[in-house]
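Chemist: Supplied in structure tokens, the structure appears directly below.
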Amino acid sequence: MSDLPDPPRRQRVAAYAVILRDDQILLSRLAPYLVPGEQWTLPGGGIDFGEDPRDAVVREVHEETGLDVEVGDRAWIDSARRYASTPDGSGDDSPLDMHSVRMVFEGWAPVDAPEPRVIEEDGSTVDARWVPVAAVLDGSWPVAAWVRAAIEEHEATRVQRLAAKALVRRGDEVLLTRLSRYAVEAGQWTLPGGGVDHGERPAAALARELLEETGLVAEVGELVGVHDLHLTGTAPNGRHEDFHAVNLVFLAEVPADAEPAVLEIGGTTDDVQWIPLADVSSGVVEVTEVVRFALASAP
């Protein structure tokens, strides 16, 4: 039986964030004095006494990546106990009975956020970058073991959105809007329209959205059909979502001589034009699935 005293105990409670952007994840590289060789981890760190864990995540992520993020309400909890030295640059590598409690939240940064960079000087991380999720999961990117478990536990936020869309035709042309870089299907052309607010009549929502996206006052007609789309990707606010869109497609008319123009600034629409139907059917103009659905369903 050893006469040596038990090593001192230390407990550390920290908060981290899984921040995904399409097929990439935001990671921070640990400083060399903490681990031998190259090792990456989720951005985050210790929670100060009296600090809300969500505030700690926002603060730590900014220090380690330079990004201003938002975090969700739910957290995955990881608890690990180990006997190890914890080099801190002081030269004292005495053994410790270490208990780490990690709270891992969902986080997201704006889609137009700058490239990540370390803000904190002489901290626990020395680099930050977007890394392919696949490389982390298959082991080809060196990460702390618990990081893979955190990613596997992560679930994309489920969002269902009811929208009203308009099929507006003029001779052999159709009125389409182009999705901006803030939209999931950025660069593609789609039907004008948008989300129905709580308690709002779909036809009224469509007239409002048409005015914002095209500058045109429209007369909303009959319902053409209901289209739905299920996909996972980065939402306009930067959040990684499991997204289900339910689109009510209506016929609509606008003044024959009216020229469209986008009125909303910084939204999900950056252009609007009358597009020849021949360019849609030939694939010259890349359109979303709801456009083809509407054209095939309309009388």
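Just remember, in the structure tokens the first chain shown is A, the second B, etc., residues are 1-based per chain, and ligands are 1-based in the order shown.
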Could you pull out the strand (DSSP E or B) residues of segment 4-182 of chain A from DSSP and send them as a ChimeraX atom specification?

Modeler: /A:9-21,24-30,40-41,44-46,70-85,95-108,125-132,143,157-167,169-170,173-179

Chemist: Using only C-alpha atoms, determine which residues lie at most 7 Å from Lys165 of chain A, disregarding the query and same-chain residues fewer than 5 positions distant; provide the list as a list in words.

Modeler: Leu191, Pro192, Gly193, Gly194, Leu206, Asn247, Leu248, Val249 and Phe250 of chain A

Chemist: Write out as a PyMOL selection string which residues come within 8 Å of Arg21 of chain A when counting only C-alpha atoms, dropping same-chain ones fewer than 4 positions away.

Modeler: chain A and resi 25+233-234+238-240

Chemist: Pick the closest to Pro5 of chain A from A:Trp108, A:Tyr33, A:Asp228, A:Asp97: which is it, counting only C-alpha atoms?

Modeler: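 Among the listed residues, A:Asp97 lies closest to Pro5 of chain A.
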
Chemist: How far is it from atom CA of Glu219 of chain A to atom CA of Ala207 of chain A, in Å with one decimal?

Modeler: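 Between these atoms lies a distance of 7.4 Å.
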
Chemist: Give me the residues near Pro299 of chain A as a PyMOL selection string, where near means some atom within 12 Å (using only C-alpha atoms) and where sequence neighbours in that chain fewer than 5 positions away do not count.

Modeler: chain A and resi 167+169+222-225+250-251+294

Chemist: Pull all heavy atoms from the residues just selected and write them as a PDB file, in the first residue's frame.

Modeler:
ATOM      1  N   LEU A 167     -47.431  32.046 -58.687  1.00  0.00           N
ATOM      2  CA  LEU A 167     -47.110  31.762 -60.083  1.00  0.00           C
ATOM      3  C   LEU A 167     -47.695  32.899 -60.905  1.00  0.00           C
ATOM      4  O   LEU A 167     -48.918  33.023 -61.039  1.00  0.00           O
ATOM      5  CB  LEU A 167     -47.708  30.427 -60.522  1.00  0.00           C
ATOM      6  CG  LEU A 167     -47.504  30.066 -61.998  1.00  0.00           C
ATOM      7  CD1 LEU A 167     -46.024  29.974 -62.351  1.00  0.00           C
ATOM      8  CD2 LEU A 167     -48.223  28.766 -62.344  1.00  0.00           C
ATOM      9  N   ARG A 169     -47.552  34.680 -64.592  1.00  0.00           N
ATOM     10  CA  ARG A 169     -47.121  34.506 -65.970  1.00  0.00           C
ATOM     11  C   ARG A 169     -47.499  35.716 -66.821  1.00  0.00           C
ATOM     12  O   ARG A 169     -48.513  36.383 -66.563  1.00  0.00           O
ATOM     13  CB  ARG A 169     -47.732  33.233 -66.554  1.00  0.00           C
ATOM     14  CG  ARG A 169     -47.170  31.951 -65.930  1.00  0.00           C
ATOM     15  CD  ARG A 169     -47.866  30.703 -66.412  1.00  0.00           C
ATOM     16  NE  ARG A 169     -49.263  30.644 -65.978  1.00  0.00           N
ATOM     17  CZ  ARG A 169     -50.030  29.567 -66.044  1.00  0.00           C
ATOM     18  NH1 ARG A 169     -49.545  28.444 -66.558  1.00  0.00           N
ATOM     19  NH2 ARG A 169     -51.279  29.596 -65.630  1.00  0.00           N
ATOM     20  N   GLU A 222     -56.513  31.723 -57.451  1.00  0.00           N
ATOM     21  CA  GLU A 222     -56.814  30.414 -56.871  1.00  0.00           C
ATOM     22  C   GLU A 222     -55.560  29.646 -56.488  1.00  0.00           C
ATOM     23  O   GLU A 222     -54.454  29.917 -56.961  1.00  0.00           O
ATOM     24  CB  GLU A 222     -57.621  29.582 -57.873  1.00  0.00           C
ATOM     25  CG  GLU A 222     -56.859  29.236 -59.146  1.00  0.00           C
ATOM     26  CD  GLU A 222     -57.693  28.417 -60.123  1.00  0.00           C
ATOM     27  OE1 GLU A 222     -57.726  27.186 -59.947  1.00  0.00           O
ATOM     28  OE2 GLU A 222     -58.288  29.033 -61.024  1.00  0.00           O
ATOM     29  N   LEU A 223     -55.762  28.680 -55.601  1.00  0.00           N
ATOM     30  CA  LEU A 223     -54.672  27.821 -55.159  1.00  0.00           C
ATOM     31  C   LEU A 223     -54.357  26.803 -56.252  1.00  0.00           C
ATOM     32  O   LEU A 223     -55.230  26.086 -56.729  1.00  0.00           O
ATOM     33  CB  LEU A 223     -55.070  27.108 -53.869  1.00  0.00           C
ATOM     34  CG  LEU A 223     -54.030  26.159 -53.261  1.00  0.00           C
ATOM     35  CD1 LEU A 223     -52.850  26.948 -52.718  1.00  0.00           C
ATOM     36  CD2 LEU A 223     -54.668  25.320 -52.153  1.00  0.00           C
ATOM     37  N   VAL A 224     -53.089  26.727 -56.620  1.00  0.00           N
ATOM     38  CA  VAL A 224     -52.643  25.774 -57.635  1.00  0.00           C
ATOM     39  C   VAL A 224     -52.361  24.411 -57.016  1.00  0.00           C
ATOM     40  O   VAL A 224     -52.711  23.360 -57.558  1.00  0.00           O
ATOM     41  CB  VAL A 224     -51.384  26.298 -58.349  1.00  0.00           C
ATOM     42  CG1 VAL A 224     -50.797  25.227 -59.265  1.00  0.00           C
ATOM     43  CG2 VAL A 224     -51.708  27.551 -59.138  1.00  0.00           C
ATOM     44  N   GLY A 225     -51.735  24.422 -55.857  1.00  0.00           N
ATOM     45  CA  GLY A 225     -51.389  23.167 -55.201  1.00  0.00           C
ATOM     46  C   GLY A 225     -50.499  23.412 -53.995  1.00  0.00           C
ATOM     47  O   GLY A 225     -50.114  24.550 -53.694  1.00  0.00           O
ATOM     48  N   PHE A 250     -50.151  29.804 -55.305  1.00  0.00           N
ATOM     49  CA  PHE A 250     -51.334  30.463 -55.848  1.00  0.00           C
ATOM     50  C   PHE A 250     -51.023  31.052 -57.226  1.00  0.00           C
ATOM     51  O   PHE A 250     -49.883  31.429 -57.511  1.00  0.00           O
ATOM     52  CB  PHE A 250     -51.781  31.622 -54.941  1.00  0.00           C
ATOM     53  CG  PHE A 250     -52.292  31.217 -53.587  1.00  0.00           C
ATOM     54  CD1 PHE A 250     -51.419  31.015 -52.532  1.00  0.00           C
ATOM     55  CD2 PHE A 250     -53.654  31.051 -53.375  1.00  0.00           C
ATOM     56  CE1 PHE A 250     -51.888  30.653 -51.279  1.00  0.00           C
ATOM     57  CE2 PHE A 250     -54.132  30.687 -52.127  1.00  0.00           C
ATOM     58  CZ  PHE A 250     -53.247  30.495 -51.074  1.00  0.00           C
ATOM     59  N   LEU A 251     -52.057  31.149 -58.047  1.00  0.00           N
ATOM     60  CA  LEU A 251     -51.962  31.981 -59.242  1.00  0.00           C
ATOM     61  C   LEU A 251     -52.062  33.436 -58.813  1.00  0.00           C
ATOM     62  O   LEU A 251     -52.735  33.760 -57.825  1.00  0.00           O
ATOM     63  CB  LEU A 251     -53.082  31.653 -60.219  1.00  0.00           C
ATOM     64  CG  LEU A 251     -53.050  30.280 -60.890  1.00  0.00           C
ATOM     65  CD1 LEU A 251     -54.294  30.096 -61.757  1.00  0.00           C
ATOM     66  CD2 LEU A 251     -51.789  30.104 -61.731  1.00  0.00           C
ATOM     67  N   ALA A 294     -45.038  24.179 -59.826  1.00  0.00           N
ATOM     68  CA  ALA A 294     -46.090  25.139 -60.129  1.00  0.00           C
ATOM     69  C   ALA A 294     -46.446  25.130 -61.612  1.00  0.00           C
ATOM     70  O   ALA A 294     -47.627  25.127 -61.995  1.00  0.00           O
ATOM     71  CB  ALA A 294     -45.670  26.531 -59.689  1.00  0.00           C
TER      72      ALA A 294
END

Chemist: Compile the contact shell of Leu67 of chain A as a list in words: residues with an atom at most 9 Å away, counting only C-alpha atoms, same-chain residues fewer than 5 positions apart removed.

Modeler: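 Skipping anything fewer than 5 positions along the chain leaves Val58, Val61, His62, Ala109, Pro110, Ala113, Pro114, Glu115, Pro116 and Arg117 of chain A.
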
Chemist: So which one's closest to Arg54 of chain A, A:Pro260, A:Pro202, A:Gly267, A:Gly107? Using only C-alpha atoms, please.

Modeler: A:Gly107

Chemist: Would you mind reading off the distance between atom CA of Leu30 of chain A and atom CA of Trp146 of chain A, one decimal, in Å?

Modeler: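 Between atom CA of Leu30 of chain A and atom CA of Trp146 of chain A the gap is 14.0 Å.
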
Chemist: With only C-alpha atoms as the atoms that count, which of A:Ala183, A:Ile119, A:Leu96, A:Ala80 lies nearest to Gly66 of chain A?

Modeler: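 The shortest atom-to-atom distance to Gly66 of chain A comes from A:Ile119.
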
Chemist: With DSSP run on the backbone, what are the alpha helix (DSSP H) residues within segment 88-247 of chain A? I'd like them as a list in words.

Modeler: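 Assigned to alpha helix (DSSP H), within segment 88-247 of chain A: Val133, Ala134, Ala135, Val136, Leu137, Ala145, Trp146, Val147, Arg148, Ala149, Ala150, Ile151, Glu152, Glu153, Pro202, Ala203, Ala204, Ala205, Leu206, Ala207, Arg208, Glu209, Leu210, Leu211, Glu212, Glu213 and Thr214 of chain A.
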
Chemist: I'd like the interatomic distance between atom CA of Trp141 of chain A and atom CA of Arg29 of chain A, to a tenth of an Å.

Modeler: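 Going from atom CA of Trp141 of chain A over to atom CA of Arg29 of chain A covers 11.1 Å.
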
Chemist: Got a sec: who's within 12 Å of Ile47 of chain A, counting only C-alpha atoms, leaving out chain neighbours fewer than 3 positions off, as a list in words?

Modeler: Gln11, Arg12, Val13, Ala14, Ala15, Tyr16, Gly44, Gly50, Glu51, Asp52, Pro53, Arg54, Asp55, Ala56, Val57, Val58, Arg59, Glu60, Ser100, Val101, Arg102 and Met103 of chain A
